[in-house]
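Working notes, beginning with the structure itself.
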Amino acid sequence: MPADIPYHCQTSHLEGKLAKREQPNTFSMDRYRGEDRPSNVPGTYDFYISPGDATRASLRSQRQGHIQVQSWEEDDVVNAVVATLEAIFGPEERNVQQLINVVSSRGASKAKHQLKAVKYAPGYQLTFSLFSGDASNGVRQWKMQEAINVYLAPFIKSMSVVSKFTVESQVQHYASLTFKPQLDSDLNEHYLHPDTLPNFINAAEWSLASTVSSLPSLNFLVYVPKLSESPLVIKSGPAASHSSTNSFLIPRWGGIAILNRNNDTFSSPEIITIQELEPVMSIFLMQLRDLMGLADLSSTSVSSFPITFHKSANAAPTAWELDNLLRRRAAENVVDSLATLTSLARLVTDTPNMVVLDHIQKDVVDALRDVERSCRRLSEQGYIEAIEASRDGLVKSETAFFDPTMVSMLYFPDEHKYAIYMPLFVPISVPLLMGLLREAKKWKEAKKSAA
Amino acid sequence: MRLTAIFKCIAASVCVASTLAISVTTNQEDVEGFFSKSKSGHTNNWAVLVCTSRFWFNYRHIANTLSMYRTVKRLGIPDSNIIMMLADDVACNSRNIFPATVYNNRGRQLDLYGENVEVDYRGYEVTVENFIRMLTGRVAKETPRSKRLLTDDQSNILVYMTGHGGEEFLKFQDAEEISAYDLGDAFQQMHEKKRYNEILFMIDTCQANTMYSKITSPNIIATGSSKLDESSYSHHDDPDIGVAVIDRFTYYVLEVLEKIDMQSKATVQDLFDTYDTKLLGSTPGYRHDLFNRPLDQALLTDFFGSVQNIELTEPKEQQESMPEDDPVQDETGPSVLEPELRDNSSQPAQRPQPQVRDHTFEIGDPSQSQTWRYAAFIGLSLALGGALVASSSFV
């Protein structure tokens with residue numbers, strides 16, 4: 001079990017180069033960019049420690065970290081380094097430990113981020129939908145395909161080591177809500193109370209589910225309200241401030257953003273341009289990160305001094321977040337595979353007359369081998385192979401468990417079998433036996449008389 | 001002389017065999033309750049609605065199922081999360097004088113079958129094997145997505161079954177039956193593979209309460225329309241259609257469900273409180289000993305509707321997310337221990353008494369002595385065989 005995941009940290013002591021302590025603020029990473037290449041190997045991190053005016057840590061997106069320590073005593077340096085490492089990797093390790101210990105976690109006992117994130121799957125289908133209230137708002141089409149290529153492609157590319165994504169988009173007109181939003185006459189806007197948001201999706205009329213693909217799907221909706229209900233905001237009352245993003249997330253399902261447009265400002269109001277879609281896509285990317293289970297390291301790490309996590313420019317997951325996700329997902333998959341195989345073993349031992357075919361046995365053996373390979377690669381920092389092996393193990397164990405031949409026999413108590421077969425066979429067999437005995441007696445008498 | 005002796009032997013053996021076959025029914029066991037301190041943590045809702053009867057005179061069973069379908073759709077569960085199994089097509093039956101319609105009311109105000117109805121398993125596809133395969137997830141590889149139950153560990157499932165049933169069995173298609181053990185086993189498999197968060201099991205047949213007596217998995221509420229040895233009755237019939245159009249239990253449950261909408265805070269306890277033996281003509285029952293929340297905190301929309309917890313998205317700089325209706329962080333007080341299976345009879349704390357019955361075999365009852373009954377079967381069969389022999393030699 002990957003309970004204690006060793007991290008390989010190269011700490012370069014820069015004492016010699018920074019002998020001039022009176023200029024601690026002039027240290028910058030730029031000097032060292034050419035000398036040390038950023039580490040591209042998951043699990044290998046470079047930390048640079050230097051004196052500074054205050055203790056702080058800054059983590060760049062390519063597995064490089066810079067720790068500044070105020071006082072250059074050995075103990076303080078060590079403490080600062082340990083605190084930084086604990087803040088970065090501690091919550092993740094506790095997460096994984098909790099996952100391993102709590103074998104059966106009910107929905108209500110899970111943490112909120114676990115409730116939100118979808119279960120791991122090798123592939124996902126993302127569906128971006130434009131729902132237009134009615135024809136009065138003038139919307140006819142949108143430039144979602146271009147927006148996906150510009151904004152979503154970097155994210156998908158970095159996440160391709162974890163899962164593959166299929167992206168679709170659709171437009172639906174005359175998509176009405178099931179209820180009427182309330183009117184705030186002072187500000188002349190319509191608002192939705194957050195309590196009514198769970199009923200926002202009109203599941204009966206809006207076509208959201210794909211009947212073709214068997215991949216788990218995540219839906220992202222852009223709703224453009226009709227002109228009589230514009231502008232539409234989310235706030236809890238007329239006096240309250242409204243949500244700045246006008247969007248919300250449904251756990252394990254997707255996200256919804258309400259887009260209010262001012263038709264006067266557009267030259268061609270029937271097309272939603274990429275510029276308009278930019279804030280919407282950034283919201284969707286935030287929601288997609290939550291749904292994928294990417295931990296927001298800046299909020300989960302707690303320490304006494306500030307730690308800054310630098311984001312990557314195009315909202316792709318940083319290397320730190322990706323490593324975090326790879327390790328956690330691999331651990332989750334390993335735990336799930338083992339739980340599935342244990343249930344399978346319990347099922348087979350509980351029903352003695354169930355037939356287990358050879359290919360099921362092969363799947364189980366292969367799954368165990370994959371799980372073992374995944375654990376080994378995790379301890380050797382081969383995270384990408386670890387997640388691939390854990391994915392294979394999960395798929396094989398699920399195939400073995402859900403094999404169609406493993407339906408346990410319908411319950412037929414022994415009394416049924418006796419009650420059905422005995423009155424059929426015994427009354428027939430009794431005359432047969434009697435006839436046999438009579439024949440045997442006759443044959444014996446014949447033999448005796450002949451003898 | 002020989003003949004009378006033979007007949008006396010046969011009569012004696014038959015009497016002995018039948019007395020050995022008399023067994024005593026056991027009392028229903030008390031099942032221990034479960035302690036827990038959490039609220040429902042579901043994020044999606046599914047509904048499995050099964051009508052197991054075919055033939056025209058079972059119109060009301062189809063109408064029951066379609067009424068439930070309408071209700072869960074109205075309360076928000078999408079078609080992709082509903083699996084409806086109808087064993088017969090009464091809308092297009094040649095005896096239906098209102099073709100392509102199904103009504104559940106004499107007044108014919110609402111056509112249940114009109115638009116936007118998706119039947120997943122129809123006609124002869126509704127079999128015990130398909131039902132169990134669908135529940136446990138062991139479907140054939142080529143099964144389409146609409147016929148699969150794709151639940152996860154955060155799904156609440158409503159399982160509604162209606163048809164003709166008896167003691168611990170439910171008849172499928174007039175050809176086979178599913179026993180209470182099979183159902184309990186299927187739920188156990190689902191629990192092993194974490195395919196549900198909570199289940200509400202509702203069954204409207206004769207002797208329905210016996211059907212949930214063998215469920216052992218946690219987080220299941222079960223309710224039935226009549227107890228052992230009682231039939232469930234239909235509510236009324238339509239003189240034009242010519243058959244009964246709705247069953248009583250479903251009718252009164254729908255009366256409660258019609259009044260609630262997606263925002264309703266009505267609880268499962270409220271539904272159970274409306275059960276009235278006099279109106280129904282049978283004693284409905286329910287069991288919640290396996291359910292680890294108190295019933296007055298389980299909302300009806302937790303099972304019949306699809307009310308999801310949402311989270312408002314706030315920009316990350318403000319670090320302020322407002323979770324809505326998020327039950328995870330809250331903890332209720334000490335939970336309630338509910339030990340007994342409860343029938344809606346006069347004394348709420350009544351312990352079921354053992355009853356002695358004549359000529360009833362208790363299937364699979366481990367406390368009864370098996371050998372005596374095996375001996376009884378063998379003796380009876382031998383007696384019959386002997387009678388055959390005697391009569392043949394006589395002739």
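Numbering starts fresh at 1 for the residues of each chain in the structure tokens, the chains themselves are lettered A, B, ... in the order given, and ligands are numbered from 1 as they appear.
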
For chain B against chain A, with a cut-off of 6 Å and counting only C-alpha atoms, what is the closest atom pair and its distance in Å to one decimal for every residue that makes the cut, ordered by chain and number, as CSV?
residue,atom,partner,partner_atom,distance
B:Ser38,CA,A:Ala108,CA,5.8
B:Lys39,CA,A:Ala108,CA,6.0
B:Ser40,CA,A:Ala108,CA,5.7
B:Gly41,CA,A:Ala108,CA,4.1
B:Pro78,CA,A:Ala203,CA,5.0
B:Arg138,CA,A:Pro404,CA,4.7
B:Val139,CA,A:Pro404,CA,5.6
B:Ala140,CA,A:Pro404,CA,5.6
B:Gln154,CA,A:Gly107,CA,5.6
B:Val307,CA,A:Pro198,CA,5.6
B:Gln308,CA,A:Pro198,CA,5.4
B:Ile310,CA,A:Ile250,CA,4.8
B:Glu311,CA,A:Leu249,CA,5.1
B:Leu312,CA,A:Phe248,CA,4.1
B:Thr313,CA,A:Phe248,CA,4.9
B:Val328,CA,A:Ala108,CA,5.5
B:Gly364,CA,A:Pro413,CA,5.9
B:Ser381,CA,A:Pro423,CA,5.5
B:Gly385,CA,A:Pro427,CA,4.0
B:Val389,CA,A:Pro431,CA,5.9

#### Entry: Backbone DSSP call of alpha helix (DSSP H) for stretch 94-299 of chain B, listed as a VMD selection string
chain B and resid 128 to 136 180 to 192 248 to 258 268 to 273 277 to 280

I need the residues from that last selection saved to file as a tab-separated table (two decimals), in the first residue's frame (with N, CA and C atoms), if you can.
chain	number	residue	atom	x	y	z
B	128	VAL	N	-37.22	-12.48	-14.63
B	128	VAL	CA	-36.50	-12.43	-13.36
B	128	VAL	C	-35.01	-12.28	-13.62
B	129	GLU	N	-34.53	-13.00	-14.63
B	129	GLU	CA	-33.09	-12.94	-14.89
B	129	GLU	C	-32.66	-11.54	-15.30
B	130	ASN	N	-33.44	-10.91	-16.21
B	130	ASN	CA	-33.07	-9.56	-16.63
B	130	ASN	C	-33.15	-8.59	-15.47
B	131	PHE	N	-34.14	-8.78	-14.61
B	131	PHE	CA	-34.28	-7.88	-13.47
B	131	PHE	C	-33.08	-8.00	-12.55
B	132	ILE	N	-32.69	-9.23	-12.24
B	132	ILE	CA	-31.56	-9.41	-11.33
B	132	ILE	C	-30.27	-8.95	-12.00
B	133	ARG	N	-30.14	-9.24	-13.29
B	133	ARG	CA	-28.94	-8.78	-13.99
B	133	ARG	C	-28.85	-7.26	-13.97
B	134	MET	N	-29.98	-6.61	-14.17
B	134	MET	CA	-29.96	-5.15	-14.21
B	134	MET	C	-29.59	-4.60	-12.84
B	135	LEU	N	-30.14	-5.18	-11.79
B	135	LEU	CA	-29.85	-4.68	-10.45
B	135	LEU	C	-28.40	-4.89	-10.09
B	136	THR	N	-27.86	-6.08	-10.35
B	136	THR	CA	-26.49	-6.36	-9.92
B	136	THR	C	-25.46	-5.86	-10.90
B	180	ALA	N	-38.22	-13.75	-2.26
B	180	ALA	CA	-37.69	-12.69	-1.40
B	180	ALA	C	-36.19	-12.88	-1.17
B	181	TYR	N	-35.74	-14.14	-1.23
B	181	TYR	CA	-34.32	-14.39	-1.05
B	181	TYR	C	-33.52	-13.85	-2.22
B	182	ASP	N	-34.07	-14.01	-3.43
B	182	ASP	CA	-33.36	-13.48	-4.61
B	182	ASP	C	-33.23	-11.98	-4.51
B	183	LEU	N	-34.32	-11.35	-4.07
B	183	LEU	CA	-34.28	-9.89	-3.96
B	183	LEU	C	-33.27	-9.46	-2.90
B	184	GLY	N	-33.30	-10.12	-1.75
B	184	GLY	CA	-32.34	-9.78	-0.70
B	184	GLY	C	-30.92	-10.01	-1.17
B	185	ASP	N	-30.72	-11.08	-1.94
B	185	ASP	CA	-29.39	-11.37	-2.45
B	185	ASP	C	-28.94	-10.31	-3.45
B	186	ALA	N	-29.87	-9.88	-4.31
B	186	ALA	CA	-29.51	-8.84	-5.30
B	186	ALA	C	-29.12	-7.55	-4.59
B	187	PHE	N	-29.88	-7.18	-3.57
B	187	PHE	CA	-29.52	-5.97	-2.83
B	187	PHE	C	-28.18	-6.13	-2.12
B	188	GLN	N	-27.92	-7.34	-1.65
B	188	GLN	CA	-26.64	-7.57	-0.98
B	188	GLN	C	-25.49	-7.41	-1.96
B	189	GLN	N	-25.69	-7.93	-3.19
B	189	GLN	CA	-24.67	-7.74	-4.22
B	189	GLN	C	-24.45	-6.27	-4.52
B	190	MET	N	-25.54	-5.53	-4.56
B	190	MET	CA	-25.42	-4.10	-4.84
B	190	MET	C	-24.67	-3.41	-3.70
B	191	HIS	N	-24.92	-3.86	-2.50
B	191	HIS	CA	-24.24	-3.25	-1.37
B	191	HIS	C	-22.75	-3.57	-1.41
B	192	GLU	N	-22.42	-4.80	-1.76
B	192	GLU	CA	-21.00	-5.19	-1.85
B	192	GLU	C	-20.26	-4.33	-2.85
B	248	ARG	N	-55.33	0.20	-4.83
B	248	ARG	CA	-55.58	1.10	-3.71
B	248	ARG	C	-54.31	1.66	-3.11
B	249	PHE	N	-53.35	0.80	-2.86
B	249	PHE	CA	-52.13	1.27	-2.21
B	249	PHE	C	-51.46	2.34	-3.06
B	250	THR	N	-51.33	2.06	-4.34
B	250	THR	CA	-50.69	3.04	-5.23
B	250	THR	C	-51.53	4.30	-5.31
B	251	TYR	N	-52.86	4.15	-5.33
B	251	TYR	CA	-53.73	5.32	-5.42
B	251	TYR	C	-53.49	6.25	-4.24
B	252	TYR	N	-53.45	5.69	-3.02
B	252	TYR	CA	-53.31	6.56	-1.85
B	252	TYR	C	-51.90	7.10	-1.72
B	253	VAL	N	-50.91	6.34	-2.18
B	253	VAL	CA	-49.55	6.88	-2.17
B	253	VAL	C	-49.46	8.03	-3.16
B	254	LEU	N	-50.10	7.87	-4.33
B	254	LEU	CA	-50.06	8.95	-5.32
B	254	LEU	C	-50.78	10.19	-4.81
B	255	GLU	N	-51.83	9.98	-4.02
B	255	GLU	CA	-52.52	11.14	-3.45
B	255	GLU	C	-51.56	11.99	-2.64
B	256	VAL	N	-50.68	11.34	-1.89
B	256	VAL	CA	-49.69	12.09	-1.11
B	256	VAL	C	-48.65	12.71	-2.03
B	257	LEU	N	-48.21	11.95	-3.04
B	257	LEU	CA	-47.12	12.44	-3.89
B	257	LEU	C	-47.57	13.56	-4.81
B	258	GLU	N	-48.86	13.55	-5.19
B	258	GLU	CA	-49.32	14.61	-6.08
B	258	GLU	C	-49.24	15.97	-5.41
B	268	VAL	N	-40.54	10.85	4.56
B	268	VAL	CA	-41.04	9.49	4.36
B	268	VAL	C	-41.96	9.11	5.52
B	269	GLN	N	-41.67	9.64	6.71
B	269	GLN	CA	-42.55	9.36	7.85
B	269	GLN	C	-43.94	9.91	7.60
B	270	ASP	N	-44.01	11.08	6.95
B	270	ASP	CA	-45.33	11.64	6.65
B	270	ASP	C	-46.10	10.71	5.73
B	271	LEU	N	-45.41	10.14	4.76
B	271	LEU	CA	-46.10	9.21	3.86
B	271	LEU	C	-46.61	8.00	4.63
B	272	PHE	N	-45.74	7.46	5.48
B	272	PHE	CA	-46.16	6.26	6.21
B	272	PHE	C	-47.28	6.56	7.20
B	273	ASP	N	-47.33	7.81	7.67
B	273	ASP	CA	-48.40	8.15	8.61
B	273	ASP	C	-49.75	8.19	7.94
B	277	THR	N	-55.54	1.44	7.16
B	277	THR	CA	-55.96	0.08	6.86
B	277	THR	C	-57.38	0.02	6.37
B	278	LYS	N	-58.24	0.90	6.90
B	278	LYS	CA	-59.66	0.82	6.51
B	278	LYS	C	-59.84	1.20	5.06
B	279	LEU	N	-59.12	2.24	4.61
B	279	LEU	CA	-59.26	2.66	3.22
B	279	LEU	C	-58.67	1.62	2.28
B	280	LEU	N	-57.58	1.02	2.71
B	280	LEU	CA	-56.86	0.13	1.81
B	280	LEU	C	-57.46	-1.27	1.77

In Å to one decimal, how far is atom CA of A:Asp350 from atom CA of A:Ser397?
->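 Answer for the atom CA of A:Ser397 to atom CA of A:Asp350 separation: 18.6 Å.
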
I want to know what sits within 7 Å of stretch 93-103 of chain B, based on only C-alpha atoms, with residues of the same chain fewer than 3 positions away left out; could you give that as JSON, numbers by chain? {"B": [63, 89, 90, 108, 110, 111, 112, 113, 114, 241, 245]}

From a DSSP calculation on the backbone, collect every residue of stretch 169-311 of chain B in strand (DSSP E) and output the set as an MDAnalysis selection string. chainID B and resid 169:172 176:179 198:204 220:224 234:237 244:247 285:287 311

Non-local contacts of A:Thr127 (8 Å; only C-alpha atoms; under 6 positions in same chain excluded) as a list in words
Val167, Glu168, Ser169, Gln170, Ser217, Leu218, Asn219 and Phe220 of chain A

Q) Within 7 Å of A:Asp134, counting only C-alpha atoms, which residues qualify if same-chain residues fewer than 4 places away don't, as number ranges by chain? A) A: 173-175, 226

Suppose we keep N, CA and C atoms; can you now write the selection as a compact mmCIF listing (two decimals), in the first residue's frame?
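The resulting again-v3.txt:
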# COMPACT_ATOMS: atom_id res chain seq x y z
N HIS A 173 -32.66 25.29 -28.47
CA HIS A 173 -33.47 26.50 -28.38
C HIS A 173 -34.74 26.23 -27.61
N TYR A 174 -35.42 27.30 -27.19
CA TYR A 174 -36.69 27.18 -26.49
C TYR A 174 -36.57 26.26 -25.27
N ALA A 175 -35.52 26.44 -24.54
CA ALA A 175 -35.31 25.65 -23.32
C ALA A 175 -35.84 26.46 -22.16
N LYS A 226 -34.35 34.30 -21.60
CA LYS A 226 -35.13 35.03 -22.58
C LYS A 226 -35.18 36.50 -22.21

Next on the checklist: I want to know what sits within 9 Å of B:His236, based on only C-alpha atoms, with residues of the same chain fewer than 3 positions away left out; could you give that as a list of chain:residue names?
Outcome noted: B:Asn105, B:Arg106, B:Val243, B:Ala244, B:Val245, B:Ile246, B:Asp247, B:Arg248

Would you write out those residues with C-alpha atoms, as a JSON list (two decimals), in the first residue's frame?
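File written: out-v6.json
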[["chain", "number", "residue", "atom", "x", "y", "z"],
["B", 105, "ASN", "CA", -58.69, 7.21, -13.26],
["B", 106, "ARG", "CA", -62.31, 6.70, -14.17],
["B", 243, "VAL", "CA", -61.18, -3.42, -16.01],
["B", 244, "ALA", "CA", -59.86, -1.94, -12.80],
["B", 245, "VAL", "CA", -57.58, 0.99, -13.49],
["B", 246, "ILE", "CA", -55.59, 1.52, -10.30],
["B", 247, "ASP", "CA", -54.70, -0.30, -7.11],
["B", 248, "ARG", "CA", -55.58, 1.10, -3.71]]

For B:Ile157: contacts at 7 Å, only C-alpha atoms, fewer than 5 positions along chain excluded, given as a PDB file with N, CA and C atoms, in the first residue's frame:
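What follows is the written file out03.pdb:
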ATOM      1  N   ASN B  45     -30.178  10.530  -8.369  1.00  0.00           N
ATOM      2  CA  ASN B  45     -31.343   9.694  -8.077  1.00  0.00           C
ATOM      3  C   ASN B  45     -31.662   8.797  -9.255  1.00  0.00           C
ATOM      4  N   TRP B  46     -32.042   7.567  -8.937  1.00  0.00           N
ATOM      5  CA  TRP B  46     -32.462   6.627  -9.957  1.00  0.00           C
ATOM      6  C   TRP B  46     -33.796   6.030  -9.533  1.00  0.00           C
ATOM      7  N   ALA B  47     -34.534   5.560 -10.528  1.00  0.00           N
ATOM      8  CA  ALA B  47     -35.792   4.889 -10.212  1.00  0.00           C
ATOM      9  C   ALA B  47     -35.884   3.630 -11.055  1.00  0.00           C
ATOM     10  N   TYR B 196     -25.261   1.686  -4.398  1.00  0.00           N
ATOM     11  CA  TYR B 196     -26.334   2.580  -3.987  1.00  0.00           C
ATOM     12  C   TYR B 196     -25.935   3.265  -2.704  1.00  0.00           C
ATOM     13  N   GLU B 198     -28.797   4.854  -0.771  1.00  0.00           N
ATOM     14  CA  GLU B 198     -29.985   4.438  -0.019  1.00  0.00           C
ATOM     15  C   GLU B 198     -31.013   3.927  -1.010  1.00  0.00           C
ATOM     16  N   ILE B 199     -31.833   2.995  -0.580  1.00  0.00           N
ATOM     17  CA  ILE B 199     -32.874   2.443  -1.441  1.00  0.00           C
ATOM     18  C   ILE B 199     -34.212   2.574  -0.741  1.00  0.00           C
ATOM     19  N   LEU B 200     -35.242   2.998  -1.495  1.00  0.00           N
ATOM     20  CA  LEU B 200     -36.606   2.906  -1.001  1.00  0.00           C
ATOM     21  C   LEU B 200     -37.299   1.849  -1.840  1.00  0.00           C
ATOM     22  N   PHE B 303     -35.948  10.347  -2.600  1.00  0.00           N
ATOM     23  CA  PHE B 303     -36.126   9.118  -3.374  1.00  0.00           C
ATOM     24  C   PHE B 303     -36.958   9.335  -4.626  1.00  0.00           C
TER      25      PHE B 303
END

Quiz item: Between atom CA of B:Met202 and atom CA of B:Ala91, what is the spacing in Å?
Solution: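 So the two atoms, atom CA of B:Ala91 and atom CA of B:Met202, lie 24.3 Å apart.
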
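Atom to atom, atom CA of A:Ile307 and atom CA of A:Gln68 stand 10.3 Å apart.
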
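The nearest approach to B:Gly166 among the residues B:Ser146, B:Thr151, B:Thr127, B:Gln207, with only C-alpha atoms taken into account, belongs to B:Gln207.
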
- Message: Given only C-alpha atoms as the basis, pick out the residue of A:Ala80, A:Tyr421, A:Leu215, A:Leu297 nearest to B:Arg145.
- Response: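 Going through A:Ala80, A:Tyr421, A:Leu215, A:Leu297 one by one, the smallest distance to B:Arg145 is for A:Leu215.
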